[in-house]
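Peer 1: Would you mind keeping the following structure in view while I ask a few things?
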Amino acid sequence: MELPEMESVASAIGISVPVFRFLLCFAATIPVSFVHRLVPGGPVARHLYAAMTGAVLSYLSFGFSSNLHFLVPMFLGYASMVLCRKYCGTITFFSAFGYLIGCHVYYMSGDAWKEGGIDATGALMVITLKIISCVINYNDGLLKEEDLSEAQKKNRLLKLPSLIEYLGYCLCCGSHFAGPVYEMKDYLEWTERKGIWRHTDKGSPPSPYWPTLRAVLQAAFCMGLYLYLVPHYPLSRFTEPVYQEWGFWKRLSYQYMSGFTARWKYYFIWSISEASIIISGLGFSGWTDSNPPKPRWDRAKNVDILGVEMAKSSVQLPLVWNIQVSTWLRHYVYERLIQKGKKPGFFQLLATQTVSAIWHGLYPGYIIFFIQSALMIAGSRVLYRWQQATRSGLFKKIFVFLNFAYTLLVLNYSCIGFMVRSFINFRLFLLALDTRHHC
């Protein structure tokens with residue numbers, strides 16, 4: 001049953017009641033995460049608070065079935081760690097991804113969202129990555145240290161996390177709504193006030209309040225700009241007859257602006273997530289080497305807005321867009337496909353982008369976008385090699401500009417497929433995007 005006030009407010013801002021309810025719960029992750037700092041009773045109480053608040057926010061957002069969906073891969077992951085440590089990483093990777101794919105197919109979340117509905121598949125996506133990383137790190141605890149990469153050494157788990165630690169990690173304060181993804185080892189040290197979160201005679205972790213305010217103000221700006229731009233650059237324009245009447249340059253500029261507009265929605269979401277993780281204290285990632293040293297909040301950061309919009313190379317995009325998921329893909333897919341003693345190649349890149357596409361959903365638009373992004377990154381690397389090979393300062397500057405222009409154009413051309421999703425609409429968009437017709 002919905003409150004009449006909620007219905008009227010949702011109608012006033014042009015969204016459905018389920019989406020409005022989700023946004024309220026999503027914003028509530030900030031005060032919920034703040035209270036985590038004040039929970040008495042030590043680590044066990046904080047684990048319980050993290051698990052309970054995450055479950056309650058999920059229930060309020062998506063209904064009771066959401067927590068049942070979360071429990072399936074969570075149970076599979078924990079059971080594999082208990083029963084078959086030697087192969088638990090492989091078992092969990094395929095079983096958790098298999099269940100996520102099943103939910104993608106059953107719910108078709110993209111269509112539900114477009115019709116004003118909502119389901120827990122997006123949150124399940126984040127939980128799936130957290131489960132897999134936890135289990136693989138426990139698997140890595142069996143390996144010899146000399147066989148591990150630096151990331152594996154840092155994140156491996158030598159002993160089995162308790163069930164309450166595991167539940168708290170997976171559901172922590174609603175961070176599974178939109179991320180960011182973080183490691184079990186970091187979560188445990190934060191909860192137990194160890195490592196960089198330890199209070200000592202020399203001082204304590206820095207205050208999170210100003211960085212939180214900055215993230216909230218950034219979120220407000222991003223949402224304001226998105227609401228201003230979206231009426232001017234709707235995706236529906238691509239299927240209208242007027243679009244076919246435009247010339248090449250007007251269509252190309254519209255593609256750029258529609259992609260540019262859509263990104264501000266994601267910037268808003270990730271800025272709220274960043275504020276939530278920072279206010280909890282978990283976002284703190286150490287101090288800079290400057291004098292005096294300044295606190296870093298990299299663990300909470302999921303996007304570098306200027307880094308995306310001003311990227312000089314496609315290779316830089318995974319480092320500044322959906323940063324924590326890109327880091328996860330690098331550590332748990334890309335680097336683990338590299339054979340010992342060999343350099344990574346296009347296969348590792350393509351496999352990583354394919355996993356990313358499947359993780360997002362089985363829409364053809366996702367598949368095409370991420371496979372095309374592998375080609376986009378490979379092309380940017382070629383331009384960079386040409387830039388390094390030339391000795392002329394002028395030609396170096398020309399190649400820098402070409403790489404920047406190439407990244408800008410291909411990113412905004414490719415992202416249309418990501419935004420469209422469905423096959424029927426995507427075929428219409430392929431016709432609409434065929435700018436060569438009027439070249």
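Within each chain, counting starts at residue 1; across the structure tokens, chains are named A, B, ... in the order shown, with ligands numbered 1 upward in that order.
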Could you give me, as a PyMOL selection string, each residue of segment 173-308 of chain A that DSSP assigns to strand (DSSP E) when run on this structure's backbone?

Peer 2: chain A and resi 286-287+295-296

Peer 1: Sorted by chain and rising residue number, list the residues of segment 180-289 of chain A at most 12 Å from segment 132-145 of chain A (counting only C-alpha atoms), each with its closest atom pair and distance in Å to one decimal, as a Markdown table.

Peer 2:
| residue | atom | partner | partner_atom | distance |
| --- | --- | --- | --- | --- |
| A:Val181 | CA | A:Ser133 | CA | 9.4 |
| A:Tyr182 | CA | A:Ser133 | CA | 8.8 |
| A:Glu183 | CA | A:Cys134 | CA | 6.9 |
| A:Met184 | CA | A:Cys134 | CA | 5.8 |
| A:Lys185 | CA | A:Cys134 | CA | 8.4 |
| A:Asp186 | CA | A:Cys134 | CA | 10.9 |
| A:Tyr187 | CA | A:Cys134 | CA | 10.7 |
| A:Leu188 | CA | A:Cys134 | CA | 11.4 |

Peer 1: Excluding segment 215-222 of chain A and residues on its chain fewer than 5 positions from it, collect all residues at most 6 Å away from it, counting only C-alpha atoms, and give them as a VMD selection string.

Peer 2: chain A and resid 264 268 271 275

Peer 1: Could you build a table of the residues in segment 289-326 of chain A lying no more than 12 Å from segment 356-361 of chain A, giving for each the nearest pair of atoms and their separation in Å rounded to one decimal place, using only C-alpha atoms, ordered by chain and ascending residue number, as JSON lines?

Peer 2:
{"residue": "A:Pro318", "atom": "CA", "partner": "A:Ser356", "partner_atom": "CA", "distance": 11.4}
{"residue": "A:Asn322", "atom": "CA", "partner": "A:Ser356", "partner_atom": "CA", "distance": 11.3}
{"residue": "A:Val325", "atom": "CA", "partner": "A:Ser356", "partner_atom": "CA", "distance": 8.8}
{"residue": "A:Ser326", "atom": "CA", "partner": "A:Ser356", "partner_atom": "CA", "distance": 8.8}

Peer 1: Next, write the just-selected residues to a file, as a PDB file, in the first residue's frame, keeping N, CA and C atoms as the atom set.

Peer 2:
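Written out: result.pdb:
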ATOM      1  N   PRO A 318      38.238   2.797 -18.562  1.00  0.00           N
ATOM      2  CA  PRO A 318      37.969   1.878 -17.449  1.00  0.00           C
ATOM      3  C   PRO A 318      38.546   2.363 -16.119  1.00  0.00           C
ATOM      4  N   ASN A 322      32.852   3.796 -13.743  1.00  0.00           N
ATOM      5  CA  ASN A 322      32.501   2.607 -12.955  1.00  0.00           C
ATOM      6  C   ASN A 322      33.787   1.978 -12.407  1.00  0.00           C
ATOM      7  N   VAL A 325      34.000  -1.459 -10.372  1.00  0.00           N
ATOM      8  CA  VAL A 325      33.682  -2.632 -11.191  1.00  0.00           C
ATOM      9  C   VAL A 325      34.804  -2.893 -12.186  1.00  0.00           C
ATOM     10  N   SER A 326      35.377  -1.839 -12.753  1.00  0.00           N
ATOM     11  CA  SER A 326      36.520  -2.005 -13.665  1.00  0.00           C
ATOM     12  C   SER A 326      37.704  -2.638 -12.938  1.00  0.00           C
TER      13      SER A 326
END

Peer 1: Which neighbours of segment 389-402 of chain A fall inside 12 Å, counting only C-alpha atoms, when residues of the same chain fewer than 4 positions from it are skipped, and could you give them as a count of residues only?

Peer 2: 17

Peer 1: Using only C-alpha atoms, which protein or nucleic acid residues come within 9 Å of Met419 of chain A? Drop anything in the same chain fewer than 6 positions from it, and give the result as a ChimeraX atom specification.

Peer 2: /A:235,259,262,365-366

Peer 1: List every residue of segment 68-179 of chain A that DSSP, applied to the backbone of this structure, assigns to alpha helix (DSSP H), and report them as a ChimeraX atom specification.

Peer 2: /A:68-83,88-107,109-114,121-140,150-155,163-171

Peer 1: Just C-alpha atoms for this one: save the residues we selected as a compact mmCIF listing (two decimals), in the first residue's frame.

Peer 2:
# COMPACT_ATOMS: atom_id res chain seq x y z
CA LEU A 68 15.39 -14.39 -1.19
CA HIS A 69 17.17 -13.74 -4.50
CA PHE A 70 20.23 -12.42 -2.65
CA LEU A 71 20.32 -15.48 -0.37
CA VAL A 72 20.69 -17.96 -3.27
CA PRO A 73 24.16 -16.87 -4.54
CA MET A 74 25.19 -15.93 -1.00
CA PHE A 75 24.40 -19.46 0.19
CA LEU A 76 26.11 -21.06 -2.84
CA GLY A 77 29.24 -18.99 -2.23
CA TYR A 78 29.47 -19.70 1.48
CA ALA A 79 28.69 -23.40 1.04
CA SER A 80 31.45 -23.74 -1.57
CA MET A 81 33.97 -22.16 0.84
CA VAL A 82 32.95 -24.58 3.61
CA LEU A 83 32.70 -27.76 1.52
CA CYS A 88 35.30 -22.79 -4.46
CA GLY A 89 36.34 -19.83 -6.64
CA THR A 90 35.47 -21.57 -9.92
CA ILE A 91 32.26 -23.09 -8.53
CA THR A 92 31.02 -19.74 -7.21
CA PHE A 93 32.02 -17.76 -10.29
CA PHE A 94 29.89 -19.89 -12.61
CA SER A 95 27.02 -20.63 -10.20
CA ALA A 96 26.61 -17.00 -9.08
CA PHE A 97 26.85 -15.69 -12.64
CA GLY A 98 24.47 -18.41 -13.79
CA TYR A 99 21.87 -17.36 -11.25
CA LEU A 100 22.32 -13.69 -12.16
CA ILE A 101 21.84 -14.48 -15.86
CA GLY A 102 18.69 -16.43 -14.99
CA CYS A 103 17.32 -13.39 -13.14
CA HIS A 104 18.25 -11.12 -16.05
CA VAL A 105 16.30 -13.35 -18.42
CA TYR A 106 13.31 -13.79 -16.12
CA TYR A 107 12.88 -10.16 -15.07
CA SER A 109 14.96 -5.39 -15.77
CA GLY A 110 15.55 -2.84 -18.49
CA ASP A 111 12.02 -3.28 -19.82
CA ALA A 112 10.55 -3.18 -16.30
CA TRP A 113 12.31 0.10 -15.51
CA LYS A 114 11.11 1.68 -18.76
CA THR A 121 18.41 -7.49 -10.32
CA GLY A 122 20.60 -4.35 -10.24
CA ALA A 123 21.42 -4.88 -6.56
CA LEU A 124 21.98 -8.60 -7.24
CA MET A 125 24.60 -7.59 -9.82
CA VAL A 126 26.68 -5.82 -7.15
CA ILE A 127 26.22 -8.62 -4.59
CA THR A 128 27.32 -11.18 -7.19
CA LEU A 129 30.67 -9.42 -7.65
CA LYS A 130 31.20 -9.14 -3.88
CA ILE A 131 30.43 -12.83 -3.35
CA ILE A 132 32.77 -13.94 -6.14
CA SER A 133 35.65 -11.75 -4.93
CA CYS A 134 35.25 -12.99 -1.34
CA VAL A 135 35.24 -16.66 -2.37
CA ILE A 136 38.14 -16.32 -4.83
CA ASN A 137 40.21 -14.52 -2.18
CA TYR A 138 39.52 -17.39 0.24
CA ASN A 139 40.57 -19.78 -2.55
CA ASP A 140 43.78 -17.75 -3.01
CA GLU A 150 50.23 -7.99 -5.62
CA ALA A 151 46.44 -7.64 -5.60
CA GLN A 152 46.04 -11.31 -4.62
CA LYS A 153 48.53 -10.94 -1.78
CA LYS A 154 46.72 -7.89 -0.48
CA ASN A 155 43.18 -9.31 -0.64
CA LEU A 163 28.57 -16.26 8.65
CA ILE A 164 27.68 -12.92 10.28
CA GLU A 165 30.81 -11.30 8.77
CA TYR A 166 29.84 -12.66 5.37
CA LEU A 167 26.24 -11.42 5.59
CA GLY A 168 27.36 -8.00 6.80
CA TYR A 169 29.83 -7.72 3.93
CA CYS A 170 27.27 -8.65 1.26
CA LEU A 171 24.46 -6.37 2.49

Peer 1: Just checking: using only C-alpha atoms, which residue out of A:Phe62, A:Tyr363, A:Tyr267, A:Phe260 ends up closest to Pro234 of chain A?

Peer 2: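 Using only C-alpha atoms, the shortest distance to Pro234 of chain A belongs to A:Phe260.
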
Peer 1: Extract, using only C-alpha atoms, all DNA, RNA and protein residues at most 12 Å from Gly286 of chain A, discarding same-chain residues fewer than 3 positions from it, and format them as a list in words.

Peer 2: Asp186, Gly195, Ile196, Trp197, Arg198, Ser204, Pro205, Pro206, Gly281, Leu282, Gly283, Asp289, Pro293, Lys294, Pro295, Arg296, Trp297, Asp298 and Arg299 of chain A

Peer 1: Give me a file of those residues, with N, CA, C and O atoms, as a PDB file, in the first residue's frame.

Peer 2:
ATOM      1  N   ASP A 186      39.066  -5.496   3.372  1.00  0.00           N
ATOM      2  CA  ASP A 186      38.902  -4.087   3.739  1.00  0.00           C
ATOM      3  C   ASP A 186      37.677  -3.912   4.648  1.00  0.00           C
ATOM      4  O   ASP A 186      37.718  -3.153   5.617  1.00  0.00           O
ATOM      5  N   GLY A 195      44.017  -1.775  10.789  1.00  0.00           N
ATOM      6  CA  GLY A 195      44.673  -1.205   9.626  1.00  0.00           C
ATOM      7  C   GLY A 195      44.622   0.315   9.638  1.00  0.00           C
ATOM      8  O   GLY A 195      44.893   0.956  10.654  1.00  0.00           O
ATOM      9  N   ILE A 196      44.242   0.909   8.517  1.00  0.00           N
ATOM     10  CA  ILE A 196      44.215   2.374   8.423  1.00  0.00           C
ATOM     11  C   ILE A 196      43.082   2.978   9.246  1.00  0.00           C
ATOM     12  O   ILE A 196      43.043   4.194   9.434  1.00  0.00           O
ATOM     13  N   TRP A 197      42.156   2.157   9.737  1.00  0.00           N
ATOM     14  CA  TRP A 197      41.041   2.659  10.548  1.00  0.00           C
ATOM     15  C   TRP A 197      41.325   2.558  12.049  1.00  0.00           C
ATOM     16  O   TRP A 197      40.473   2.852  12.857  1.00  0.00           O
ATOM     17  N   ARG A 198      42.528   2.141  12.390  1.00  0.00           N
ATOM     18  CA  ARG A 198      42.868   1.957  13.803  1.00  0.00           C
ATOM     19  C   ARG A 198      43.081   3.300  14.479  1.00  0.00           C
ATOM     20  O   ARG A 198      43.743   4.193  13.942  1.00  0.00           O
ATOM     21  N   SER A 204      43.654   9.510  14.503  1.00  0.00           N
ATOM     22  CA  SER A 204      42.580   8.611  14.099  1.00  0.00           C
ATOM     23  C   SER A 204      42.225   8.905  12.645  1.00  0.00           C
ATOM     24  O   SER A 204      42.704   9.884  12.070  1.00  0.00           O
ATOM     25  N   PRO A 205      41.399   8.065  12.031  1.00  0.00           N
ATOM     26  CA  PRO A 205      40.982   8.340  10.648  1.00  0.00           C
ATOM     27  C   PRO A 205      40.376   9.729  10.519  1.00  0.00           C
ATOM     28  O   PRO A 205      39.768  10.247  11.456  1.00  0.00           O
ATOM     29  N   PRO A 206      40.527  10.357   9.348  1.00  0.00           N
ATOM     30  CA  PRO A 206      40.071  11.749   9.169  1.00  0.00           C
ATOM     31  C   PRO A 206      38.553  11.874   9.189  1.00  0.00           C
ATOM     32  O   PRO A 206      37.823  10.900   8.999  1.00  0.00           O
ATOM     33  N   GLY A 281      32.851   5.848   6.724  1.00  0.00           N
ATOM     34  CA  GLY A 281      34.265   5.696   7.033  1.00  0.00           C
ATOM     35  C   GLY A 281      34.962   4.680   6.167  1.00  0.00           C
ATOM     36  O   GLY A 281      36.186   4.692   6.042  1.00  0.00           O
ATOM     37  N   LEU A 282      34.199   3.773   5.547  1.00  0.00           N
ATOM     38  CA  LEU A 282      34.794   2.721   4.715  1.00  0.00           C
ATOM     39  C   LEU A 282      35.487   3.288   3.488  1.00  0.00           C
ATOM     40  O   LEU A 282      36.417   2.687   2.956  1.00  0.00           O
ATOM     41  N   GLY A 283      35.050   4.460   3.026  1.00  0.00           N
ATOM     42  CA  GLY A 283      35.630   5.050   1.825  1.00  0.00           C
ATOM     43  C   GLY A 283      37.063   5.525   1.991  1.00  0.00           C
ATOM     44  O   GLY A 283      37.772   5.737   1.007  1.00  0.00           O
ATOM     45  N   ASP A 289      51.076  11.267  -0.287  1.00  0.00           N
ATOM     46  CA  ASP A 289      52.488  11.468   0.062  1.00  0.00           C
ATOM     47  C   ASP A 289      52.857  12.950   0.154  1.00  0.00           C
ATOM     48  O   ASP A 289      54.027  13.294   0.342  1.00  0.00           O
ATOM     49  N   PRO A 293      50.238  15.524   4.541  1.00  0.00           N
ATOM     50  CA  PRO A 293      49.462  14.484   3.859  1.00  0.00           C
ATOM     51  C   PRO A 293      47.961  14.779   3.905  1.00  0.00           C
ATOM     52  O   PRO A 293      47.462  15.369   4.863  1.00  0.00           O
ATOM     53  N   LYS A 294      47.268  14.392   2.852  1.00  0.00           N
ATOM     54  CA  LYS A 294      45.820  14.585   2.772  1.00  0.00           C
ATOM     55  C   LYS A 294      45.121  13.231   2.681  1.00  0.00           C
ATOM     56  O   LYS A 294      45.666  12.285   2.105  1.00  0.00           O
ATOM     57  N   PRO A 295      43.923  13.134   3.235  1.00  0.00           N
ATOM     58  CA  PRO A 295      43.204  11.849   3.181  1.00  0.00           C
ATOM     59  C   PRO A 295      42.722  11.539   1.772  1.00  0.00           C
ATOM     60  O   PRO A 295      42.356  12.431   1.012  1.00  0.00           O
ATOM     61  N   ARG A 296      42.754  10.270   1.419  1.00  0.00           N
ATOM     62  CA  ARG A 296      42.222   9.802   0.141  1.00  0.00           C
ATOM     63  C   ARG A 296      40.938   9.013   0.408  1.00  0.00           C
ATOM     64  O   ARG A 296      40.856   8.281   1.385  1.00  0.00           O
ATOM     65  N   TRP A 297      39.981   9.143  -0.485  1.00  0.00           N
ATOM     66  CA  TRP A 297      38.697   8.448  -0.357  1.00  0.00           C
ATOM     67  C   TRP A 297      38.430   7.624  -1.614  1.00  0.00           C
ATOM     68  O   TRP A 297      37.297   7.497  -2.066  1.00  0.00           O
ATOM     69  N   ASP A 298      39.476   7.014  -2.158  1.00  0.00           N
ATOM     70  CA  ASP A 298      39.383   6.300  -3.437  1.00  0.00           C
ATOM     71  C   ASP A 298      38.449   5.099  -3.388  1.00  0.00           C
ATOM     72  O   ASP A 298      37.875   4.716  -4.409  1.00  0.00           O
ATOM     73  N   ARG A 299      38.328   4.461  -2.215  1.00  0.00           N
ATOM     74  CA  ARG A 299      37.510   3.255  -2.135  1.00  0.00           C
ATOM     75  C   ARG A 299      36.037   3.563  -2.423  1.00  0.00           C
ATOM     76  O   ARG A 299      35.277   2.688  -2.829  1.00  0.00           O
TER      77      ARG A 299
END

Peer 1: Here is a test: counting only C-alpha atoms, which residue of A:Phe370, A:Phe22, A:Tyr87, A:Trp386 is nearest to Phe177 of chain A?

Peer 2: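 Going through A:Phe370, A:Phe22, A:Tyr87, A:Trp386 one by one, the smallest distance to Phe177 of chain A is for A:Phe22.
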
Peer 1: Would you mind telling me which residue in A:Asp119, A:Asp147, A:Glu7, A:Glu189 lies nearest to His47 of chain A when using only C-alpha atoms?

Peer 2: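 Of A:Asp119, A:Asp147, A:Glu7, A:Glu189, the one nearest His47 of chain A, counting only C-alpha atoms, is A:Glu189.
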
Peer 1: I need the residue nearest Glu309 of chain A from this list: A:Ile272, A:Glu335, A:Tyr256, A:Gln348. Use only C-alpha atoms for the distance.

Peer 2: A:Tyr256
